[in-house]
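Reproduced below: final15.txt, with compact mmCIF, C-alpha atoms.
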# COMPACT_ATOMS: atom_id res chain seq x y z
CA ALA A 1 -100.39 -109.93 60.96
CA SER A 2 -103.43 -109.74 63.18
CA SER A 3 -104.04 -106.85 65.53
CA LEU A 4 -106.30 -106.23 68.49
CA THR A 5 -107.81 -102.79 69.13
CA ILE A 6 -109.17 -101.77 72.51
CA ALA A 7 -111.57 -98.81 72.64
CA GLU A 8 -114.94 -97.70 73.95
CA PRO A 9 -117.90 -99.74 72.57
CA ALA A 10 -119.24 -96.65 70.77
CA SER A 11 -116.10 -96.62 68.64
CA PHE A 12 -117.21 -99.88 67.03
CA GLY A 13 -120.78 -98.68 66.44
CA PHE A 14 -122.41 -100.72 69.20
CA LEU A 15 -123.72 -97.65 70.99
CA GLY A 16 -124.85 -94.16 70.03
CA ASN A 17 -126.22 -93.09 66.63
CA SER A 18 -123.56 -94.37 64.26
CA SER A 19 -124.54 -95.87 60.90
CA ALA A 20 -123.41 -99.24 62.20
CA ASN A 21 -126.03 -98.96 64.91
CA SER A 22 -128.92 -97.78 62.72
CA GLY A 23 -130.71 -101.10 63.07
CA ALA A 24 -131.07 -101.50 59.30
CA ILE A 25 -130.47 -104.76 57.43
CA ASN A 26 -129.23 -104.65 53.82
CA ILE A 27 -129.08 -107.76 51.62
CA GLN A 28 -127.15 -106.79 48.49
CA GLY A 29 -126.85 -109.20 45.56
CA SER A 30 -126.67 -112.24 47.85
CA THR A 31 -128.35 -115.62 47.51
CA LEU A 32 -129.75 -117.09 50.73
CA LYS A 33 -131.05 -120.64 50.28
CA PHE A 34 -132.48 -122.70 53.12
CA LYS A 35 -133.47 -126.31 53.58
CA GLN A 36 -137.09 -127.26 53.01
CA GLY A 37 -139.49 -126.13 55.70
CA GLN A 38 -137.05 -123.75 57.40
CA THR A 39 -137.67 -120.13 58.48
CA LEU A 40 -135.93 -116.90 57.45
CA ASP A 41 -136.75 -114.16 59.95
CA VAL A 42 -135.59 -110.59 59.29
CA VAL A 43 -136.42 -107.92 61.91
CA ALA A 44 -134.88 -104.43 61.71
CA SER A 45 -135.68 -100.71 61.64
CA ASN A 46 -135.49 -100.78 57.82
CA ILE A 47 -134.93 -103.71 55.45
CA ASP A 48 -133.39 -103.38 51.98
CA VAL A 49 -133.08 -106.35 49.58
CA LYS A 50 -131.41 -105.24 46.35
CA ASN A 51 -129.26 -106.01 43.31
CA ASN A 52 -130.67 -109.39 42.25
CA ALA A 53 -130.69 -110.85 45.74
CA VAL A 54 -132.44 -114.22 46.15
CA LEU A 55 -134.20 -115.40 49.30
CA TYR A 56 -135.29 -119.01 48.86
CA VAL A 57 -136.97 -121.09 51.57
CA PRO A 58 -138.82 -124.00 49.87
CA ALA A 59 -142.12 -124.89 51.60
CA GLY A 60 -140.93 -122.68 54.47
CA GLU A 61 -141.47 -119.21 55.84
CA ILE A 62 -140.03 -115.74 55.30
CA ARG A 63 -140.99 -113.09 57.84
CA MET A 64 -139.84 -109.47 57.47
CA VAL A 65 -140.73 -106.92 60.15
CA ALA A 66 -139.54 -103.29 59.95
CA THR A 67 -140.22 -101.78 63.35
CA GLN A 68 -138.92 -98.62 65.00
CA GLY A 69 -138.90 -97.30 68.54
CA ASP A 70 -139.53 -99.45 71.58
CA SER A 71 -141.15 -102.64 70.35
CA SER A 72 -141.19 -106.35 70.91
CA VAL A 73 -141.31 -108.95 68.12
CA SER A 74 -142.31 -112.42 69.23
CA LEU A 75 -140.23 -115.46 68.32
CA GLN A 76 -142.93 -117.77 69.65
CA LYS A 77 -144.42 -119.70 66.74
CA ILE A 78 -148.19 -120.03 66.47
CA GLY A 79 -150.71 -121.88 64.33
CA ASN A 80 -148.97 -124.23 61.96
CA ASN A 81 -145.54 -123.43 63.41
CA ASN A 82 -145.49 -119.91 61.92
CA LEU A 83 -144.08 -116.66 63.30
CA PRO A 84 -146.75 -113.99 63.93
CA LEU A 85 -146.79 -110.44 62.65
CA LEU A 86 -147.20 -107.64 65.18
CA SER A 87 -150.62 -107.38 66.77
CA TYR A 88 -150.98 -103.65 65.97
CA SER A 89 -151.02 -101.76 62.66
CA PRO A 90 -147.86 -100.13 61.27
CA SER A 91 -147.75 -96.32 61.36
CA VAL A 92 -145.34 -93.49 60.56
CA THR A 93 -144.09 -93.56 64.16
CA ASN A 94 -143.73 -97.27 64.93
CA ALA A 95 -142.69 -98.83 61.61
CA GLY A 96 -139.84 -98.69 59.12
CA ASN A 97 -139.61 -99.49 55.42
CA ILE A 98 -139.13 -102.74 53.50
CA THR A 99 -137.69 -102.31 50.01
CA LEU A 100 -137.12 -105.02 47.40
CA ASP A 101 -135.44 -103.32 44.47
CA SER A 102 -133.33 -104.68 41.63
CA SER A 103 -131.11 -102.08 39.99
CA GLN A 104 -130.88 -104.09 36.74
CA ALA A 105 -133.83 -103.86 34.38
CA THR A 106 -133.58 -107.52 33.43
CA GLY A 107 -132.99 -108.74 36.95
CA TYR A 108 -135.51 -109.82 39.53
CA ILE A 109 -135.28 -110.24 43.26
CA PHE A 110 -136.89 -113.51 44.30
CA SER A 111 -138.38 -113.99 47.75
CA ASP A 112 -139.60 -117.53 47.35
CA THR A 113 -141.23 -120.09 49.66
CA THR A 114 -142.60 -122.31 46.89
CA GLY A 115 -142.86 -126.01 47.77
CA ASN A 116 -145.17 -128.99 48.23
CA GLY A 117 -147.97 -127.64 50.40
CA GLY A 118 -146.90 -124.06 49.72
CA GLY A 119 -144.97 -121.62 51.88
CA ARG A 120 -145.60 -118.43 53.81
CA LEU A 121 -144.44 -114.85 53.29
CA ALA A 122 -145.33 -112.33 55.99
CA LEU A 123 -144.33 -108.65 55.71
CA TRP A 124 -145.01 -105.82 58.22
CA GLY A 125 -143.81 -102.26 57.69
CA LYS A 126 -144.69 -98.62 57.02
CA ASN A 127 -143.82 -98.52 53.31
CA ILE A 128 -143.34 -101.84 51.53
CA VAL A 129 -141.97 -101.22 48.04
CA LEU A 130 -141.33 -103.84 45.34
CA LYS A 131 -139.55 -102.71 42.17
CA ASP A 132 -138.46 -105.19 39.48
CA SER A 133 -139.04 -107.91 42.06
CA GLY A 134 -140.86 -111.18 42.56
CA VAL A 135 -142.51 -112.53 45.71
CA TYR A 136 -143.80 -116.11 45.55
CA ALA A 137 -145.53 -118.51 47.94
CA ASP A 138 -146.63 -121.07 45.33
CA ASN A 139 -147.74 -124.63 46.02
CA SER A 140 -145.84 -126.94 43.70
CA GLY A 141 -147.20 -130.25 45.00
CA ALA A 142 -150.28 -132.29 45.85
CA LEU A 143 -150.60 -131.22 49.50
CA ASN A 144 -153.18 -128.52 50.14
CA SER A 145 -152.00 -125.25 51.65
CA ASP A 146 -153.70 -124.58 54.98
CA MET A 147 -154.96 -121.21 56.19
CA THR A 148 -151.55 -120.25 57.59
CA LYS A 149 -149.78 -120.47 54.22
CA GLY A 150 -149.69 -117.90 51.42
CA ILE A 151 -148.84 -114.20 51.69
CA LYS A 152 -149.80 -111.75 54.42
CA ILE A 153 -148.89 -108.06 54.30
CA GLN A 154 -149.63 -105.18 56.71
CA SER A 155 -148.44 -101.70 55.72
CA ASN A 156 -149.32 -98.05 55.28
CA LEU A 157 -148.20 -98.20 51.65
CA LEU A 158 -147.73 -101.25 49.46
CA SER A 159 -146.25 -100.38 46.05
CA LEU A 160 -145.55 -102.79 43.18
CA ASP A 161 -143.68 -101.46 40.14
CA ASN A 162 -142.89 -104.05 37.43
CA SER A 163 -143.20 -106.70 40.14
CA ILE A 164 -145.08 -109.93 40.75
CA MET A 165 -146.69 -111.35 43.88
CA THR A 166 -148.20 -114.83 43.58
CA SER A 167 -149.61 -117.72 45.54
CA ASN A 168 -150.24 -120.18 42.71
CA ALA A 169 -151.32 -123.81 42.55
CA LEU A 170 -148.66 -125.37 40.31
CA GLY A 171 -149.61 -128.96 41.16
CA ASN A 172 -152.74 -130.70 42.40
CA GLY A 173 -152.89 -129.01 45.80
CA LYS A 174 -154.70 -125.83 46.79
CA SER A 175 -152.61 -122.67 47.09
CA GLY A 176 -152.61 -120.36 50.09
CA ASP A 177 -154.46 -117.06 50.37
CA ILE A 178 -153.02 -113.60 49.72
CA THR A 179 -154.14 -111.14 52.41
CA ILE A 180 -153.19 -107.46 52.12
CA ASP A 181 -154.08 -104.72 54.60
CA ALA A 182 -152.63 -101.41 53.34
CA GLU A 183 -153.95 -97.87 53.59
CA LYS A 184 -152.63 -97.21 50.07
CA LEU A 185 -151.98 -99.84 47.40
CA ASP A 186 -150.26 -98.98 44.10
CA ILE A 187 -149.97 -101.62 41.34
CA VAL A 188 -148.23 -100.17 38.28
CA ASN A 189 -146.15 -100.93 35.20
CA GLY A 190 -147.09 -104.55 34.56
CA SER A 191 -147.29 -105.56 38.22
CA ARG A 192 -149.62 -108.35 39.31
CA ILE A 193 -151.01 -109.76 42.52
CA SER A 194 -152.48 -113.12 41.61
CA SER A 195 -153.44 -116.64 42.55
CA ALA A 196 -153.70 -119.04 39.60
CA ALA A 197 -154.18 -122.78 39.08
CA PHE A 198 -151.97 -124.37 36.42
CA ALA A 199 -152.77 -128.05 37.09
CA LEU A 200 -155.58 -129.79 38.99
CA GLY A 201 -155.23 -127.65 42.08
CA GLN A 202 -157.36 -124.79 43.36
CA THR A 203 -156.36 -121.15 43.79
CA GLY A 204 -156.39 -119.39 47.11
CA ASN A 205 -158.35 -116.26 47.85
CA VAL A 206 -156.95 -112.76 47.25
CA ASN A 207 -158.19 -110.47 50.04
CA VAL A 208 -157.35 -106.77 49.83
CA THR A 209 -158.29 -104.08 52.35
CA SER A 210 -157.21 -100.59 51.29
CA GLN A 211 -158.51 -97.03 51.54
CA GLN A 212 -156.82 -95.99 48.29
CA LEU A 213 -156.11 -98.26 45.32
CA MET A 214 -154.30 -97.31 42.10
CA ILE A 215 -153.82 -99.68 39.15
CA ASP A 216 -151.98 -98.21 36.16
CA ARG A 217 -150.36 -100.20 33.35
CA GLN A 218 -148.20 -97.17 32.43
CA GLY A 219 -147.62 -98.42 28.90
CA SER A 220 -146.43 -101.89 29.91
CA THR A 221 -147.30 -104.80 27.62
CA GLN A 222 -147.96 -106.98 30.68
CA ALA A 223 -151.32 -107.36 32.39
CA THR A 224 -151.54 -105.17 35.46
CA GLY A 225 -153.80 -105.66 38.46
CA ILE A 226 -155.27 -108.22 40.88
CA ARG A 227 -156.66 -111.54 39.70
CA THR A 228 -157.42 -115.20 40.35
CA TYR A 229 -157.71 -117.54 37.39
CA ALA A 230 -157.27 -121.07 36.07
CA GLY A 231 -154.45 -121.22 33.54
CA ASP A 232 -153.77 -124.11 31.17
CA SER A 233 -155.35 -126.64 33.51
CA SER A 234 -158.59 -128.12 34.76
CA GLY A 235 -158.06 -126.54 38.18
CA ASN A 236 -160.45 -124.22 39.97
CA ALA A 237 -160.05 -120.48 40.38
Would you write out, as structure tokens, the structure that this file holds?
Amino acid sequence: ASSLTIAEPASFGFLGNSSANSGAINIQGSTLKFKQGQTLDVVASNIDVKNNAVLYVPAGEIRMVATQGDSSVSLQKIGNNNLPLLSYSPSVTNAGNITLDSSQATGYIFSDTTGNGGGRLALWGKNIVLKDSGVYADNSGALNSDMTKGIKIQSNLLSLDNSIMTSNALGNGKSGDITIDAEKLDIVNGSRISSAAFALGQTGNVNVTSQQLMIDRQGSTQATGIRTYAGDSSGNA
């Protein structure tokens, strides 16, 4: 039988400092798939994506913004119909954390906007941590990615541990750029930030601005670092 409870709003976590009102978003082991060209927009105080979760928006956009305190996040699209990141830099006082972490050693979290013409991934937060995870904005078709596609990250710390971040040209079109602005960037344990051409396409640029950079393979058998290259193709890197 159904029941109806009447109580003060705070009892349901809508007010006050309850865990239900913390402003955090947790995506645990779920698969979120969208139609081509759609947008997934996640804005919260902290964002956790864990346990083999999959976020898939083919040739679309994923925006994640972890903001704290009094702030305003625009829903007005700009450029090529994309959502903007915040106009100011994240700090310890105004930003929260974004964590992509798979608890299974063989599992990967996929945040994927791959499609014809490429997709866009935009992340803004204090600490952005990828562990056993994959983030992809690859171009799988013949359409060239424009300057609004690819991956854009603003953070205090960006950490990749056994994780991959790519904007590859899988077909004949050019891939988007990867642009990272982080005070500290750690790439360890077989992690890679890369743009590669595997067909007749052309790679995008990889632009990194950081005051402190650490690259450490830590015994992994996988290549670790930042690179652009032409794979088994006649494309241009």
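Atom pair CA of Asn94 in chain A / CA of Ser30 in chain A has a distance of 28.4 Å (rounded to one decimal).
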* To do: Kindly provide, as a ChimeraX atom specification, the polymer residues lying within 10 Å of (-148.7, -98.2, 59.5), counting only C-alpha atoms and using the coordinates exactly as they appear in the file.
  => /A:67,88-96,124-127,154-157,181-183
* Mind checking which residues fall within 8 Å of Asp138 in chain A, counting only C-alpha atoms, ignoring those fewer than 4 positions away in the same chain, and posting them as a list in words? => Thr113, Thr114, Gly115, Gly118, Gly119, Gly150, Thr166, Ser167, Asn168, Ala169, Leu170, Ser175 and Gly176 of chain A
* Best match for closeness to Ser194 in chain A among A:Met165, A:Val208, A:Leu40, A:Ile153, counting only C-alpha atoms -> A:Met165
* Asked: Taking all atoms listed in the file into account, which of A:Val49, A:Val65, A:Ile151, A:Leu75 comes nearest Ser102 in chain A?
  ->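 The shortest atom-to-atom distance to Ser102 in chain A comes from A:Val49.
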* Gap from CA of Arg192 in chain A to CA of Gly134 in chain A - Å, one decimal ->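 About the pair CA of Arg192 in chain A and CA of Gly134 in chain A: they are 9.8 Å apart.
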* Please identify all polymer residues within 7 Å of range 33-39 of chain A, counting all atoms listed in the file, omitting same-chain residues fewer than 4 positions from it, and present them as number ranges by chain. => A: 55-62
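With all atoms listed in the file as the basis for measurement, A:Ile193 is the residue among A:Ile27, A:Ile193, A:Leu213, A:Ala53 that approaches Thr179 in chain A most closely.
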* Go ahead and find all residues with at least one atom no further than 12 Å from (-153.5, -122.4, 46.9) in the file's coordinates, using only C-alpha atoms; report them as an MDAnalysis selection string. => chainID A and resid 114:120 136:151 166:178 194:206 228:230 235:237
* Atomic separation - CA of Ser210 in chain A relative to CA of Leu158 in chain A, Å ->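 It comes out at 9.7 Å.
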Step by step, gather every atom of range 126-130 of chain A that the file lists, find the box along x, y and z that holds them, add 6 Å on each side, and finally give centre and edge lengths in Å to one decimal, as AutoDock Vina command-line options.
--center_x -143.0 --center_y -101.2 --center_z 51.2 --size_x 15.4 --size_y 17.3 --size_z 23.7
* For Pro84 in chain A, list every protein, DNA or RNA residue within 9 Å, evaluated using only C-alpha atoms, and leave out those in the same chain fewer than 6 positions away; present the list as a count of residues only. => 8
* So, counting only C-alpha atoms, which residue among A:Gly190, A:Gly29, A:Gly69, A:Gly23 is closest to Ile47 in chain A? ->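 Among the listed residues, the smallest separation from Ile47 in chain A belongs to A:Gly23.
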